[in-house]
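Presented below is the structure to which this report refers.
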Amino acid sequence: MATTSYLYKETRLNLEPSSSSYIVDIELPTTSSQTRSLRRPSKSSPKGTVKNNTPRASASAIYYRKHHNFPKGFLWRILEDDTILSIRTVDICKPKKASDANLVLNFHFQQSIIPTCVAFCDPPDHDALSIFILDTANQLYNIFLRPDSFRKRSFAESGLGDSCKIFQPNAFRGGFKHPYRLVAVNCDQLVATLSDGGHIRLDKNTSHNASQMPWKETFYNAKGWFRSLLGGRGDLDIKAAAAAVHTDLGLNNASFLFTVCLDHRLRIWNLNNGNILEAVDLLNNSTRDPQETGKWQLDATQTNLIRIVGETEGRRLCVTYSPVGPGEFKFWMLESDDGNTVRVDDLFPVKHFIPISPLGSDVWTLADFSVAQRSATDEFRMWLLWKNNMAYRVQELTFLLEELTPAWVSSWRAVFSDTAIPTAQISSPSDPTDPTEKWLQLIFFPGRFPKATVEAALNAYESAIGRQGRTSSRNSQGLAESICAAIASTSSLNKTSSGDIDHEQFRNSSEMQWRKFYRILLELDKPRSEALSLSYESESGMPWVVCADGLSAIRECCELEQILHNPNAMFEGSSEVPALVTSGVNFIEGFTDSMLQICHSVLRPEMFEESSKSDEERLQFVSDKAGFWRQISDEDAAQVTDTLGPNFNIVTTRLYDRVLGTFNETWEPKHPTELPLTEFGRKIIVRSVQDLAELQWNVCFSQIILLVHMEFEFDSPEEALHNNVEVGVIYRNLLIILRRLELLRWLANTQITTPLPKADKPNSTPGGSPVNPKRQPEEHRVLTALEGNVGHLLELPGLGSIHTGAMPSWITNIVADLCAPGSNVELQAQYIQCGLLVRDRADLAVELTPFCEQDPFSTYVQGRVYLALKDYTTAATYFKKAAYGMSVTQANPERHSSGLLDETEWNLLFAGLPRYYAHIVALFEQQKAYSFVIDFARLALQFVNNTTEDADKVRTEIQCRLFGGALATSQFETAHSTVVAMKDRALQHSCLRALIQRMCDNLHNSELVHLTFPGLQTAVDDILTQHCKESVDVITGVPYHQILYAWRIKRNDYRGAASILLDRIQKLKQLGEGDQVTGDDILDTAVTRQYLMLINVLSCVDQKQAWITIEGQPQSNKSSTNGVTKRRVVTLADIRKEYQDELDRIAAIHNDQFGFAADDEMEIL
């Protein structure tokens, strides 16, 4: 195994759900007299340490149903001092029309669970899941769950009811017997192995007779019935079963229990009669000294010691593992003809199959293994899980039984585990990115650290710096803000000796604190990766490593990963491709962080901007601008030439084409895709894309740097690389790959928030519900932009249409295809921007602008992005740039905008410039950017002509919006000209009224009077007249009378002006304001002034025309019940008389000459 190759790679998943609404807490009842307070107390944290609230499991595994396809896989975990059983589905794909099963059910037990006494069963006649649990109070729980329990919160929130039943076996009462392992034979039969070496068979009472016990108990013991009756104190007997597996060997009515006991023996029980059929040594060592019992005794914690596989009737392969000494596997063939006896044959009696641990000086322990037979073949596949404290490794072997011996020596393949700890680059004064931003991106990278772990690290950090009591204030701000506040509290911005601000000292201090916090976070995160079990599903061929708070999916390596992880191996029969790839990676390893940042910044415009330079000039520009040659030593250059030959003579265009081909692994399934991915499956894809895109980006970047280096590393021009290699073509192709990977990295690393589907939203908890109310569910879920925009496109072929074991390769195929520049999945940035705009994330959409094409629709979308950002000037520029392309009529334009444009808006596009600009006007109007409404409305009106379809309708709509924009910005000249140009008389009159109202309300009286209103002067006069009639407060209200007076005077309508003055005089008198002195003279009142203006106005007309008519007061007629209003004529003489009477009245009042009653006449002397 010294030449073990890495064919697989693990993808580590975070178990934190995308929404807290997916978590359902259910309190289970109990029949025990003990209360919750009698639980084993949780371990308190030592003084000076902070408790990590991350839910880490003490036991966990995956159960796969046999009789039903979806949901098929269930991950179960025992949490919080063995008091919570958490169950969730882990299916990668689902049927076409099936709903996701996203809920995480947390069952809270009153007593601690026995971790080894949890069993699952799949009833063949019901689409359900049966769960059996024994707790420390010896209560047997039977929980029956339907698939909808994992889909709809209402099923869980309404209570379990009869779905949860509790039974306490008599054998466990009073400590008579002590359960050790629990095995579910089927949904009606359980086997509990005991600490004394025997077991109890529990058969469910299916007669529905309430007088009978729900379970029938049958005892079997390897030590005889008398010793069995003696019971025990719970200490483990040497014959106790460390591991137990049930099988029927494919025979009807047969039932066998295979147990690996602590005395290093394999015992076979016939469960139908309780007899022991066989008892053999695990290594078939018949010469073992009976006095060396202790040497061969197994550790009770080692439970994964036996696997039985096969599909042939009456025949199975049994694989056992003995952990004694170096550890050894044994392969047995089990055969039975009648269902009552079992023959056990050692297939390799003289061979010792000792697994060889992973390379390195560490001590590795085999923690778990799995064996499965591939359907329709004789091949078997074996997986091994090795552990060393918190670290683990996985190995795989595919073999035929007849070829097992040579395969065991040379055919092992390993799973590559990326143990590198990610960290932020060291900040420098020239770094364009703030250090805080880089650290936050690292810490909150999607799927890297759960929120509970980050919060625990923050608590520990605040404790270390003496910043306590901040939990309450943290509720009002986000977790990122809390971390920044804690870091900032340790650093201060000081001055240098010269009095300048010491930015360097502040940056270094902040950097040191960030690294301190990150070390604490890593320490708290380590226990989460402890491997607990290995799971393998034979139909899909998907292996999993179940960790304390995580799950690792094992997939195949793509071509580029195989090259990087096996640098000394051949690729396509040659070592040249690995040599070129590894040379590039090794070449940039010596670059400092600041040099890498410079190279990135130089290549960024090369990726996104069109250049008029030649290929040679572009390469020269990169070399000069980056200047990485300054950090290349002679040794670095020599390593490249040693690998690639003198003058890089093995580097050819064909070699580069082969290297570029490893980036372009596209996938076209041979069978139709019919199984969409579940949310969990999409999570695996996203996490794998994060890993592969980062790896490919680094390799592609290193190849560009290496290419530039080789191009200018020559002694004479004849030896230059471009003489033998098409350097320019290769450089452009690498930039295309880099651009695709840059976009993919952004999508996979950017998180967005989307509303929950209706079925997943939390309901109000009814009375008596067992749901724990402490957790406040969210109404949204958090996912990456890649999942939100591309996830619905990812599907898999039907598992029944292909050979088993294809899932690890399918995952890699999907991921590699997404990363490939020639991918079947198009990543069009403009459509992604549309989706982000629909979600109100214009701040993220603008980051995709460099990735967008220059076609009209992309340009239009950029305008929408900047419009949402309130950058109206830039938005207007993009809209104008896209005008022609978005207005040219097309027969069948593609209508895809991720929901940004509705049907009405699409009808305005590709339908001529007037309608396009009308659409833009509507967009600016929604943003209340009225100055741009005016600009684009004018543009739209310019293009309305006789050839425009429904020209009058389009013109009227645009004029209406133009008028609205002008009115909102008080551009009354524009509004006036727009109203005059309107042909729709009803709309014109409405707009005219609005214009007059706005100008009068804002006291733009002078402008209103000077506006010409050709053809509308009568309408203006009527509108103002109506306002005057409706006006009551002529003192402090809008001065409609003065406005109308000025309007009529301006147009030489003196009698009309006089009429409105007389109306105002009457209303002033009605208000009782006629006696209010407005000047120094007591006779100078508002009424007398109006009389003077009235006399002056009528004096301006011919004496014969100096009269006006007014509406008289209603007069009562004795012979009639209705009052009659009569019009009367008022002449200039009448007005002068009224004026004199008003003066006399005012003078009399000031001389105290007035009557004492309402009808008394004043005496005027």
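Quick note on naming: the chains in the structure tokens go A, B, ... in the order shown, residues restart at 1 in each chain, and ligands are numbered from 1 in order of appearance.
Excluding A:Arg265 and any residue on its chain fewer than 6 positions from it, the residues at most 9 Å away by only C-alpha atoms are Lys239, Thr259, Ala279, Val280, Asp281, Leu282, Leu283 and Asn284 of chain A.
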Write out the residues from the selection above, keeping N, CA and C atoms, as a short mmCIF file (atom, residue, chain, number, x, y, z; two decimals), in the first residue's frame.
data_model
loop_
_atom_site.label_atom_id
_atom_site.label_comp_id
_atom_site.auth_asym_id
_atom_site.auth_seq_id
_atom_site.Cartn_x
_atom_site.Cartn_y
_atom_site.Cartn_z
N LYS A 239 -19.09 -13.07 27.44
CA LYS A 239 -19.84 -13.54 26.29
C LYS A 239 -20.84 -12.51 25.78
N THR A 259 -23.38 -12.67 16.37
CA THR A 259 -22.84 -11.79 17.40
C THR A 259 -21.33 -12.00 17.51
N ALA A 279 -20.05 -21.40 17.16
CA ALA A 279 -19.25 -20.49 17.97
C ALA A 279 -17.80 -20.71 17.57
N VAL A 280 -17.27 -19.78 16.78
CA VAL A 280 -15.91 -19.93 16.26
C VAL A 280 -15.09 -18.70 16.64
N ASP A 281 -13.78 -18.89 16.69
CA ASP A 281 -12.88 -17.77 16.95
C ASP A 281 -12.91 -16.81 15.76
N LEU A 282 -12.78 -15.50 16.04
CA LEU A 282 -12.86 -14.49 14.99
C LEU A 282 -11.80 -14.72 13.92
N LEU A 283 -10.67 -15.25 14.30
CA LEU A 283 -9.60 -15.50 13.34
C LEU A 283 -9.47 -16.99 13.02
N ASN A 284 -10.48 -17.77 13.43
CA ASN A 284 -10.48 -19.22 13.20
C ASN A 284 -9.23 -19.87 13.77
#
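Shell of stretch 166-175 of chain A at 6 Å, with only C-alpha atoms counted and residues fewer than 4 places along the chain excluded, is Gln139, Leu140 and Tyr141 of chain A.
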Write the selection just made, keeping all heavy atoms, as an mmCIF file, in the first residue's frame?
data_model
loop_
_atom_site.group_PDB
_atom_site.id
_atom_site.type_symbol
_atom_site.label_atom_id
_atom_site.label_comp_id
_atom_site.auth_asym_id
_atom_site.auth_seq_id
_atom_site.Cartn_x
_atom_site.Cartn_y
_atom_site.Cartn_z
ATOM 1 N N GLN A 139 -37.180 2.084 29.350
ATOM 2 C CA GLN A 139 -38.404 2.274 28.598
ATOM 3 C C GLN A 139 -38.125 2.063 27.118
ATOM 4 O O GLN A 139 -37.160 2.614 26.577
ATOM 5 C CB GLN A 139 -38.977 3.677 28.812
ATOM 6 C CG GLN A 139 -39.349 3.971 30.248
ATOM 7 C CD GLN A 139 -39.830 5.411 30.393
ATOM 8 O OE1 GLN A 139 -40.999 5.676 30.588
ATOM 9 N NE2 GLN A 139 -38.901 6.343 30.297
ATOM 10 N N LEU A 140 -38.958 1.260 26.470
ATOM 11 C CA LEU A 140 -38.822 1.019 25.049
ATOM 12 C C LEU A 140 -39.802 1.928 24.305
ATOM 13 O O LEU A 140 -41.016 1.795 24.410
ATOM 14 C CB LEU A 140 -39.126 -0.451 24.721
ATOM 15 C CG LEU A 140 -39.109 -0.816 23.233
ATOM 16 C CD1 LEU A 140 -37.727 -0.597 22.630
ATOM 17 C CD2 LEU A 140 -39.557 -2.261 23.028
ATOM 18 N N TYR A 141 -39.260 2.875 23.539
ATOM 19 C CA TYR A 141 -40.063 3.799 22.738
ATOM 20 C C TYR A 141 -40.181 3.249 21.327
ATOM 21 O O TYR A 141 -39.186 2.808 20.729
ATOM 22 C CB TYR A 141 -39.420 5.182 22.678
ATOM 23 C CG TYR A 141 -39.540 5.995 23.938
ATOM 24 C CD1 TYR A 141 -38.693 5.785 25.017
ATOM 25 C CD2 TYR A 141 -40.517 6.984 24.043
ATOM 26 C CE1 TYR A 141 -38.812 6.537 26.172
ATOM 27 C CE2 TYR A 141 -40.636 7.751 25.196
ATOM 28 C CZ TYR A 141 -39.778 7.520 26.256
ATOM 29 O OH TYR A 141 -39.895 8.274 27.398
#
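Using only C-alpha atoms for every distance, the candidate list A:Thr490, A:Asn1151, A:Gln828, A:Thr423 yields A:Thr423 as the residue closest to A:Phe445.
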Closest to A:His600 among A:Asn698, A:Ser357, A:Ser322, A:Gln562, using only C-alpha atoms?
A:Asn698
Among stretch 1020-1143 of chain A, which ones does DSSP assign to strand (DSSP E) (computed from the backbone)? Answer as an NGL selection string.
:A and (1107-1111 or 1127-1131)
Please produce a file of the residues just selected, as a tab-separated table (two decimals), in the first residue's frame, where the atoms kept are N, CA, C and O atoms.
chain	number	residue	atom	x	y	z
A	1107	TRP	N	-70.67	98.15	-14.91
A	1107	TRP	CA	-71.63	97.43	-14.08
A	1107	TRP	C	-71.30	95.93	-14.13
A	1107	TRP	O	-70.65	95.44	-15.04
A	1108	ILE	N	-71.76	95.25	-13.11
A	1108	ILE	CA	-71.58	93.80	-13.02
A	1108	ILE	C	-72.85	93.20	-12.44
A	1108	ILE	O	-73.66	93.90	-11.82
A	1109	THR	N	-73.00	91.92	-12.62
A	1109	THR	CA	-74.16	91.21	-12.05
A	1109	THR	C	-73.65	90.29	-10.94
A	1109	THR	O	-72.58	89.70	-11.04
A	1110	ILE	N	-74.48	90.17	-9.93
A	1110	ILE	CA	-74.15	89.27	-8.83
A	1110	ILE	C	-75.37	88.47	-8.47
A	1110	ILE	O	-76.51	88.87	-8.78
A	1111	GLU	N	-75.13	87.33	-7.80
A	1111	GLU	CA	-76.23	86.51	-7.31
A	1111	GLU	C	-76.77	87.12	-6.04
A	1111	GLU	O	-76.02	87.37	-5.08
A	1127	ARG	N	-80.76	87.35	-9.57
A	1127	ARG	CA	-79.56	88.07	-9.95
A	1127	ARG	C	-79.90	89.56	-9.98
A	1127	ARG	O	-81.00	89.97	-10.35
A	1128	ARG	N	-78.90	90.36	-9.64
A	1128	ARG	CA	-79.11	91.81	-9.68
A	1128	ARG	C	-77.89	92.50	-10.27
A	1128	ARG	O	-76.79	91.96	-10.22
A	1129	VAL	N	-78.13	93.68	-10.79
A	1129	VAL	CA	-77.08	94.45	-11.43
A	1129	VAL	C	-76.54	95.46	-10.44
A	1129	VAL	O	-77.30	96.16	-9.75
A	1130	VAL	N	-75.22	95.55	-10.38
A	1130	VAL	CA	-74.55	96.49	-9.49
A	1130	VAL	C	-73.73	97.44	-10.37
A	1130	VAL	O	-72.85	96.98	-11.12
A	1131	THR	N	-74.00	98.71	-10.26
A	1131	THR	CA	-73.28	99.70	-11.05
A	1131	THR	C	-72.15	100.29	-10.25
A	1131	THR	O	-72.00	100.06	-9.05
List the neighbours of stretch 85-97 of chain A out to 9 Å using only C-alpha atoms; skip same-chain residues closer than 4 positions along the sequence, and give me the result as a VMD selection string.
chain A and resid 62 69 to 79 101 to 109 113 150 674 to 682 684 795 to 796
